[in-house]
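What follows is protein-v3.pdb (PDB, C-alpha atoms).
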```
MODEL        1
ATOM      1  CA  TYR B1221      81.648-117.879  32.936
ATOM      2  CA  ASP B1222      81.131-118.165  36.712
ATOM      3  CA  PHE B1223      80.504-121.707  37.977
ATOM      4  CA  THR B1224      79.818-120.397  41.476
ATOM      5  CA  ASP B1225      80.230-117.085  43.241
ATOM      6  CA  SER B1226      83.920-117.981  43.638
ATOM      7  CA  PHE B1227      85.046-120.005  40.589
ATOM      8  CA  GLY B1228      85.088-118.857  36.984
ATOM      9  CA  VAL B1229      86.389-119.794  33.550
ATOM     10  CA  PHE B1230      87.343-117.173  30.980
ATOM     11  CA  GLY B1231      88.627-116.931  27.456
ATOM     12  CA  THR B1232      89.741-114.244  25.046
ATOM     13  CA  ALA B1233      90.342-114.078  21.325
ATOM     14  CA  ALA B1234      92.109-110.969  20.037
ATOM     15  CA  TYR B1235      93.467-109.681  16.743
ATOM     16  CA  ASN B1236      95.923-106.787  16.609
ATOM     17  CA  GLU B1237      97.757-104.764  13.966
ATOM     18  CA  ASN B1238     100.711-102.525  14.751
ATOM     19  CA  LEU B1239     101.364 -99.665  12.394
ATOM     20  CA  PRO B1240     104.915 -99.313  11.066
ATOM     21  CA  TRP B1241     107.433 -97.619  13.351
ATOM     22  CA  LEU B1242     108.803 -94.207  12.468
ATOM     23  CA  ASP B1243     112.149 -95.981  11.957
ATOM     24  CA  ASP B1244     110.547 -97.731   8.958
ATOM     25  CA  LEU B1245     109.915 -94.489   7.035
ATOM     26  CA  GLY B1246     112.911 -95.135   4.813
ATOM     27  CA  ASN B1247     112.591 -98.885   4.213
ATOM     28  CA  SER B1248     110.271-101.487   2.725
ATOM     29  CA  PHE B1249     108.297-101.953   5.975
ATOM     30  CA  ILE B1250     106.600 -98.544   5.711
ATOM     31  CA  ASP B1251     103.611-100.122   3.921
ATOM     32  CA  GLN B1252     103.440-103.241   6.121
ATOM     33  CA  SER B1253     101.634-103.593   9.436
ATOM     34  CA  GLU B1254     102.635-106.296  11.903
ATOM     35  CA  LYS B1255      99.726-108.589  12.788
ATOM     36  CA  ALA B1256      99.005-110.852  15.744
ATOM     37  CA  ARG B1257      96.318-113.195  16.978
ATOM     38  CA  THR B1258      96.067-114.241  20.632
ATOM     39  CA  TYR B1259      93.908-116.811  22.382
ATOM     40  CA  GLU B1260      93.738-116.971  26.157
ATOM     41  CA  VAL B1261      91.908-119.386  28.408
ATOM     42  CA  GLY B1262      91.960-119.596  32.171
ATOM     43  CA  VAL B1263      90.356-120.273  35.493
ATOM     44  CA  SER B1264      89.884-117.910  38.400
ATOM     45  CA  TYR B1265      88.925-118.013  42.054
ATOM     46  CA  ASP B1266      87.680-115.110  44.176
ATOM     47  CA  GLY B1267      87.033-116.067  47.802
ATOM     48  CA  PHE B1268      85.877-113.903  50.669
ATOM     49  CA  ASP B1269      85.953-114.782  54.374
ATOM     50  CA  VAL B1270      88.078-117.822  53.470
ATOM     51  CA  PHE B1271      90.247-118.235  56.584
ATOM     52  CA  SER B1272      88.934-115.390  58.727
ATOM     53  CA  GLU B1273      86.225-112.750  58.589
ATOM     54  CA  GLY B1274      87.030-109.987  56.097
ATOM     55  CA  ASP B1275      89.894-111.736  54.297
ATOM     56  CA  THR B1276      90.152-112.329  50.543
ATOM     57  CA  LEU B1277      91.845-114.995  48.481
ATOM     58  CA  LYS B1278      92.133-114.544  44.727
ATOM     59  CA  ALA B1279      93.878-116.670  42.121
ATOM     60  CA  LYS B1280      94.015-116.811  38.340
ATOM     61  CA  LEU B1281      95.760-119.238  35.991
ATOM     62  CA  THR B1282      95.953-118.225  32.317
ATOM     63  CA  TYR B1283      97.298-120.023  29.255
ATOM     64  CA  PHE B1284      98.011-117.949  26.130
ATOM     65  CA  ASP B1285      98.841-118.763  22.517
ATOM     66  CA  THR B1286      99.956-115.952  20.196
ATOM     67  CA  SER B1287     100.872-115.926  16.509
ATOM     68  CA  ILE B1288     102.692-112.931  15.009
ATOM     69  CA  TRP B1289     103.122-112.535  11.241
ATOM     70  CA  ASP B1290     104.311-109.890   8.802
ATOM     71  CA  GLY B1291     106.783-109.013  11.526
ATOM     72  CA  THR B1292     108.484-105.640  11.410
ATOM     73  CA  THR B1293     109.543-105.304  15.056
ATOM     74  CA  TYR B1294     112.270-107.961  15.143
ATOM     75  CA  SER B1295     115.053-107.943  12.557
ATOM     76  CA  GLY B1296     115.214-111.135  10.491
ATOM     77  CA  ILE B1297     111.930-112.527  11.835
ATOM     78  CA  ASP B1298     108.651-112.610   9.927
ATOM     79  CA  ASP B1299     106.481-115.118  11.842
ATOM     80  CA  VAL B1300     106.588-116.229  15.502
ATOM     81  CA  GLU B1301     104.554-118.652  17.625
ATOM     82  CA  LEU B1302     104.411-117.891  21.368
ATOM     83  CA  ASP B1303     102.696-119.653  24.225
ATOM     84  CA  GLY B1304     102.892-119.724  27.976
ATOM     85  CA  PHE B1305     101.296-119.612  31.384
ATOM     86  CA  GLU B1306     100.718-116.912  33.968
ATOM     87  CA  LEU B1307      99.716-117.541  37.579
ATOM     88  CA  GLU B1308      98.562-114.815  39.940
ATOM     89  CA  ALA B1309      97.492-115.345  43.544
ATOM     90  CA  SER B1310      96.854-112.952  46.401
ATOM     91  CA  TYR B1311      95.675-113.151  49.978
ATOM     92  CA  ALA B1312      94.746-110.136  52.086
ATOM     93  CA  SER B1313      93.546-109.796  55.646
ATOM     94  CA  SER B1314      93.661-107.058  58.240
ATOM     95  CA  ALA B1315      96.898-108.605  59.551
ATOM     96  CA  PHE B1316      98.940-108.827  56.302
ATOM     97  CA  TYR B1317      98.859-109.452  52.565
ATOM     98  CA  VAL B1318     100.688-111.826  50.218
ATOM     99  CA  ASP B1319     100.975-111.655  46.420
ATOM    100  CA  PHE B1320     102.483-114.397  44.270
ATOM    101  CA  ASN B1321     103.089-114.295  40.513
ATOM    102  CA  ALA B1322     104.740-116.748  38.134
ATOM    103  CA  SER B1323     105.177-116.682  34.369
ATOM    104  CA  GLN B1324     106.597-118.913  31.695
ATOM    105  CA  ALA B1325     106.716-118.107  27.961
ATOM    106  CA  ARG B1326     108.135-119.984  25.000
ATOM    107  CA  GLY B1327     108.592-118.788  21.434
ATOM    108  CA  ILE B1328     109.636-120.333  18.147
ATOM    109  CA  VAL B1329     110.418-118.516  14.904
ATOM    110  CA  THR B1330     108.263-120.040  12.166
ATOM    111  CA  GLU B1331     109.566-117.903   9.286
ATOM    112  CA  GLY B1332     112.636-115.723   8.876
ATOM    113  CA  ALA B1333     112.780-112.597   6.724
ATOM    114  CA  GLY B1334     115.282-110.378   4.968
ATOM    115  CA  ARG B1335     119.016-110.732   4.549
ATOM    116  CA  ARG B1336     119.472-111.503   8.275
ATOM    117  CA  ALA B1337     116.731-114.145   8.347
ATOM    118  CA  VAL B1338     116.472-116.265  11.478
ATOM    119  CA  THR B1339     116.201-120.000  10.776
ATOM    120  CA  PRO B1340     112.649-121.360  11.167
ATOM    121  CA  GLY B1341     112.414-123.598  14.233
ATOM    122  CA  SER B1342     114.879-121.413  16.174
ATOM    123  CA  PHE B1343     114.066-120.090  19.620
ATOM    124  CA  PHE B1344     112.463-116.648  19.630
ATOM    125  CA  SER B1345     115.265-114.821  21.448
ATOM    126  CA  TYR B1346     113.008-112.071  22.836
ATOM    127  CA  THR B1347     111.053-114.198  25.332
ATOM    128  CA  ALA B1348     111.685-113.378  28.965
ATOM    129  CA  ALA B1349     113.139-115.784  31.495
ATOM    130  CA  ASP B1350     110.712-117.800  33.615
ATOM    131  CA  THR B1351     110.026-115.813  36.782
ATOM    132  CA  VAL B1352     108.408-116.096  40.184
ATOM    133  CA  GLN B1353     107.682-113.208  42.518
ATOM    134  CA  LEU B1354     106.501-113.166  46.135
ATOM    135  CA  THR B1355     105.481-110.067  48.078
ATOM    136  CA  VAL B1356     104.587-110.051  51.777
ATOM    137  CA  GLY B1357     103.356-106.849  53.334
ATOM    138  CA  LYS B1358     101.386-105.043  56.002
ATOM    139  CA  LYS B1359      99.395-101.813  55.862
ATOM    140  CA  PHE B1360      99.216 -99.397  58.788
ATOM    141  CA  LEU B1361      97.463 -96.109  59.669
ATOM    142  CA  ASP B1362      94.174 -96.890  57.910
ATOM    143  CA  GLU B1363      96.117 -98.340  54.967
ATOM    144  CA  GLN B1364      98.012 -95.090  54.389
ATOM    145  CA  LEU B1365     101.389 -96.689  55.156
ATOM    146  CA  ASP B1366     102.336 -99.809  53.195
ATOM    147  CA  THR B1367     105.376-101.890  54.175
ATOM    148  CA  SER B1368     106.456-104.893  52.148
ATOM    149  CA  PHE B1369     109.250-107.283  51.246
ATOM    150  CA  GLU B1370     109.417-108.626  47.721
ATOM    151  CA  VAL B1371     111.524-111.435  46.278
ATOM    152  CA  THR B1372     111.751-111.903  42.510
ATOM    153  CA  HIS B1373     113.581-114.847  40.992
ATOM    154  CA  ALA B1374     114.372-115.206  37.282
ATOM    155  CA  PHE B1375     115.472-118.674  36.234
ATOM    156  CA  ALA B1376     118.444-119.282  33.941
ATOM    157  CA  HIS B1377     117.477-118.587  30.337
ATOM    158  CA  ASP B1378     119.154-120.343  27.418
ATOM    159  CA  ARG B1379     116.271-120.414  24.902
ATOM    160  CA  THR B1380     117.932-117.967  22.543
ATOM    161  CA  THR B1381     119.936-117.937  19.342
ATOM    162  CA  SER B1382     121.921-114.866  20.445
ATOM    163  CA  THR B1383     125.319-115.157  22.101
ATOM    164  CA  THR B1384     125.914-111.534  23.173
ATOM    165  CA  GLY B1385     123.977-108.549  24.419
ATOM    166  CA  ALA B1386     120.576-108.377  26.072
ATOM    167  CA  ARG B1387     119.272-111.498  24.286
ATOM    168  CA  ALA B1388     122.232-113.730  25.213
ATOM    169  CA  PRO B1389     121.731-116.649  27.620
ATOM    170  CA  SER B1390     121.457-115.470  31.207
ATOM    171  CA  GLU B1391     122.133-117.014  34.575
ATOM    172  CA  ALA B1392     119.491-117.222  37.271
ATOM    173  CA  TYR B1393     119.238-114.269  39.619
ATOM    174  CA  THR B1394     117.199-113.139  42.602
ATOM    175  CA  VAL B1395     116.294-109.605  43.624
ATOM    176  CA  VAL B1396     115.050-108.698  47.128
ATOM    177  CA  ASP B1397     113.283-105.388  47.750
ATOM    178  CA  ALA B1398     112.053-103.738  50.925
ATOM    179  CA  SER B1399     109.483-100.980  50.542
ATOM    180  CA  LEU B1400     107.920 -98.386  52.798
ATOM    181  CA  GLY B1401     105.378 -96.102  51.199
TER     182      GLY B1401
ENDMDL
END
```
Translate the structure described by the file into structure tokens.
Amino acid sequence: YDFTDSFGVFGTAAYNENLPWLDDLGNSFIDQSEKARTYEVGVSYDGFDVFSEGDTLKAKLTYFDTSIWDGTTYSGIDDVELDGFELEASYASSAFYVDFNASQARGIVTEGAGRRAVTPGSFFSYTAADTVQLTVGKKFLDEQLDTSFEVTHAFAHDRTTSTTGARAPSEAYTVVDASLG
């Protein structure tokens, strides 16, 4: 719903079923589809000629809430509750552009499954670390040449039940990229 030409509110309700993986051909999951329900709600802003003629400023803040049940994707997990926020903002003018993104997700196992069942109430170890990303760039030659610098920061992540491997707690890190394309 658009309040004005610039501000809007949006929402989504979605239901999804994933068919069993080929890996499940030889086990009990072959007849079970994984199901999920997601609700999203957010606000958006689209502004034109905000600071100077021809510039654009766009922003969107989204909250999501997802339930997964009859899980087949994650070993030892049947049901999961996830929620989080996503923020996107961008500014573009003839002089330069800036993009900013941030995300935060949390997950809790609500029911374990199988012989390696995860304890209900445990962190869902597959959520990503909280991240922020900033890109600053400039386009040249009628926008055929794009130059940019990008900084991505992932915060320390200890919301996991794993102690080794890709799902183990991780320290914060920052990646800096320079691009010419």
- request: Please provide the set of residues having any atom within 6 Å of Thr1258 of chain B, restricted to all atoms listed in the file, with same-chain residues fewer than 2 positions apart removed, written as a ChimeraX atom specification.
  value: /B:1233-1234,1285-1286
- prompt: What separation in Å, quoted to one decimal, exists between atom CA of Thr1351 of chain B and atom CA of Gly1267 of chain B?
  reply: 25.5 Å
- request: Report the residues retrieved by the PyMOL selection byres ((chain B and resi 1318) around 12) from the displayed file, expressed as a count of residues only.
  value: 30
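Shell of Glu1237 of chain B at 12 Å, with all atoms listed in the file counted and residues fewer than 5 places along the chain excluded, is Gln1252, Ser1253, Glu1254, Lys1255, Ala1256, Arg1257, Thr1258, Ser1287, Ile1288, Trp1289, Asp1290, Gly1291, Thr1292 and Thr1293 of chain B.
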task: Just say which residues the PyMOL selection byres ((chain B and resi 1302-1306) around 10) picks in this file, as a VMD selection string.
output: chain B and resid 1258 to 1262 1280 to 1288 1300 to 1301 1307 to 1308 1321 to 1329 1344 1347 1350 to 1352
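Across the structure, atom CA of Ala1349 of chain B and atom CA of Ser1295 of chain B are spaced 20.6 Å apart.
Note that atom CA of Ala1392 of chain B and atom CA of His1373 of chain B are 7.4 Å apart.
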query: Mind telling me what the PyMOL selection byres ((chain B and resi 1229) around 6) catches here, as a PyMOL selection string?
result: chain B and resi 1221+1228+1230+1262-1263
Missing atoms in segment 1250-1283 of chain B should be modelled up to N, CA and C atoms and reported as a compact mmCIF listing (two decimals), keeping the file's coordinate frame.
```txt
# COMPACT_ATOMS: atom_id res chain seq x y z
N ILE B 1250 107.49 -99.68 5.51
CA ILE B 1250 106.60 -98.54 5.71
C ILE B 1250 105.16 -98.85 5.30
N ASP B 1251 104.96 -99.77 4.37
CA ASP B 1251 103.61 -100.12 3.92
C ASP B 1251 103.10 -101.40 4.56
N GLN B 1252 103.81 -101.94 5.54
CA GLN B 1252 103.44 -103.24 6.12
C GLN B 1252 103.12 -103.10 7.60
N SER B 1253 101.96 -103.56 8.01
CA SER B 1253 101.63 -103.59 9.44
C SER B 1253 101.94 -104.99 9.98
N GLU B 1254 102.39 -105.02 11.23
CA GLU B 1254 102.64 -106.30 11.90
C GLU B 1254 101.31 -106.77 12.50
N LYS B 1255 101.01 -108.06 12.36
CA LYS B 1255 99.73 -108.59 12.79
C LYS B 1255 99.93 -109.67 13.84
N ALA B 1256 98.94 -109.82 14.71
CA ALA B 1256 99.00 -110.85 15.74
C ALA B 1256 97.60 -111.32 16.10
N ARG B 1257 97.55 -112.59 16.49
CA ARG B 1257 96.32 -113.20 16.98
C ARG B 1257 96.66 -113.87 18.29
N THR B 1258 95.84 -113.64 19.32
CA THR B 1258 96.07 -114.24 20.63
C THR B 1258 94.80 -114.91 21.13
N TYR B 1259 94.98 -116.12 21.67
CA TYR B 1259 93.91 -116.81 22.38
C TYR B 1259 94.37 -116.99 23.81
N GLU B 1260 93.46 -116.75 24.75
CA GLU B 1260 93.74 -116.97 26.16
C GLU B 1260 92.59 -117.78 26.75
N VAL B 1261 92.92 -118.63 27.67
CA VAL B 1261 91.91 -119.39 28.41
C VAL B 1261 92.41 -119.54 29.83
N GLY B 1262 91.50 -119.49 30.79
CA GLY B 1262 91.96 -119.60 32.17
C GLY B 1262 90.85 -119.89 33.15
N VAL B 1263 91.28 -120.06 34.37
CA VAL B 1263 90.36 -120.27 35.49
C VAL B 1263 90.69 -119.26 36.57
N SER B 1264 89.67 -118.88 37.33
CA SER B 1264 89.88 -117.91 38.40
C SER B 1264 89.11 -118.31 39.65
N TYR B 1265 89.58 -117.79 40.77
CA TYR B 1265 88.92 -118.01 42.05
C TYR B 1265 88.95 -116.69 42.81
N ASP B 1266 87.80 -116.29 43.32
CA ASP B 1266 87.68 -115.11 44.18
C ASP B 1266 86.95 -115.54 45.43
N GLY B 1267 87.66 -115.64 46.55
CA GLY B 1267 87.03 -116.07 47.80
C GLY B 1267 87.07 -114.98 48.84
N PHE B 1268 86.00 -114.89 49.60
CA PHE B 1268 85.88 -113.90 50.67
C PHE B 1268 85.58 -114.63 51.97
N ASP B 1269 86.12 -114.14 53.07
CA ASP B 1269 85.95 -114.78 54.37
C ASP B 1269 86.41 -116.23 54.30
N VAL B 1270 87.57 -116.46 53.70
CA VAL B 1270 88.08 -117.82 53.47
C VAL B 1270 88.66 -118.42 54.74
N PHE B 1271 89.60 -117.74 55.37
CA PHE B 1271 90.25 -118.24 56.58
C PHE B 1271 89.81 -117.46 57.82
N SER B 1272 89.42 -116.22 57.63
CA SER B 1272 88.93 -115.39 58.73
C SER B 1272 87.99 -114.33 58.16
N GLU B 1273 87.20 -113.74 59.03
CA GLU B 1273 86.22 -112.75 58.59
C GLU B 1273 86.92 -111.54 57.96
N GLY B 1274 86.50 -111.16 56.77
CA GLY B 1274 87.03 -109.99 56.10
C GLY B 1274 88.24 -110.24 55.22
N ASP B 1275 88.73 -111.47 55.15
CA ASP B 1275 89.89 -111.74 54.30
C ASP B 1275 89.46 -112.06 52.87
N THR B 1276 90.42 -111.99 51.94
CA THR B 1276 90.15 -112.33 50.54
C THR B 1276 91.28 -113.20 50.01
N LEU B 1277 90.90 -114.14 49.17
CA LEU B 1277 91.84 -115.00 48.48
C LEU B 1277 91.46 -115.00 47.01
N LYS B 1278 92.40 -114.60 46.16
CA LYS B 1278 92.13 -114.54 44.73
C LYS B 1278 93.25 -115.26 43.99
N ALA B 1279 92.88 -115.97 42.92
CA ALA B 1279 93.88 -116.67 42.12
C ALA B 1279 93.39 -116.74 40.68
N LYS B 1280 94.35 -116.72 39.76
CA LYS B 1280 94.02 -116.81 38.34
C LYS B 1280 95.16 -117.52 37.62
N LEU B 1281 94.81 -118.52 36.82
CA LEU B 1281 95.76 -119.24 35.99
C LEU B 1281 95.33 -119.04 34.54
N THR B 1282 96.26 -118.54 33.72
CA THR B 1282 95.95 -118.22 32.32
C THR B 1282 96.95 -118.90 31.40
N TYR B 1283 96.45 -119.50 30.32
CA TYR B 1283 97.30 -120.02 29.26
C TYR B 1283 97.08 -119.13 28.04
```
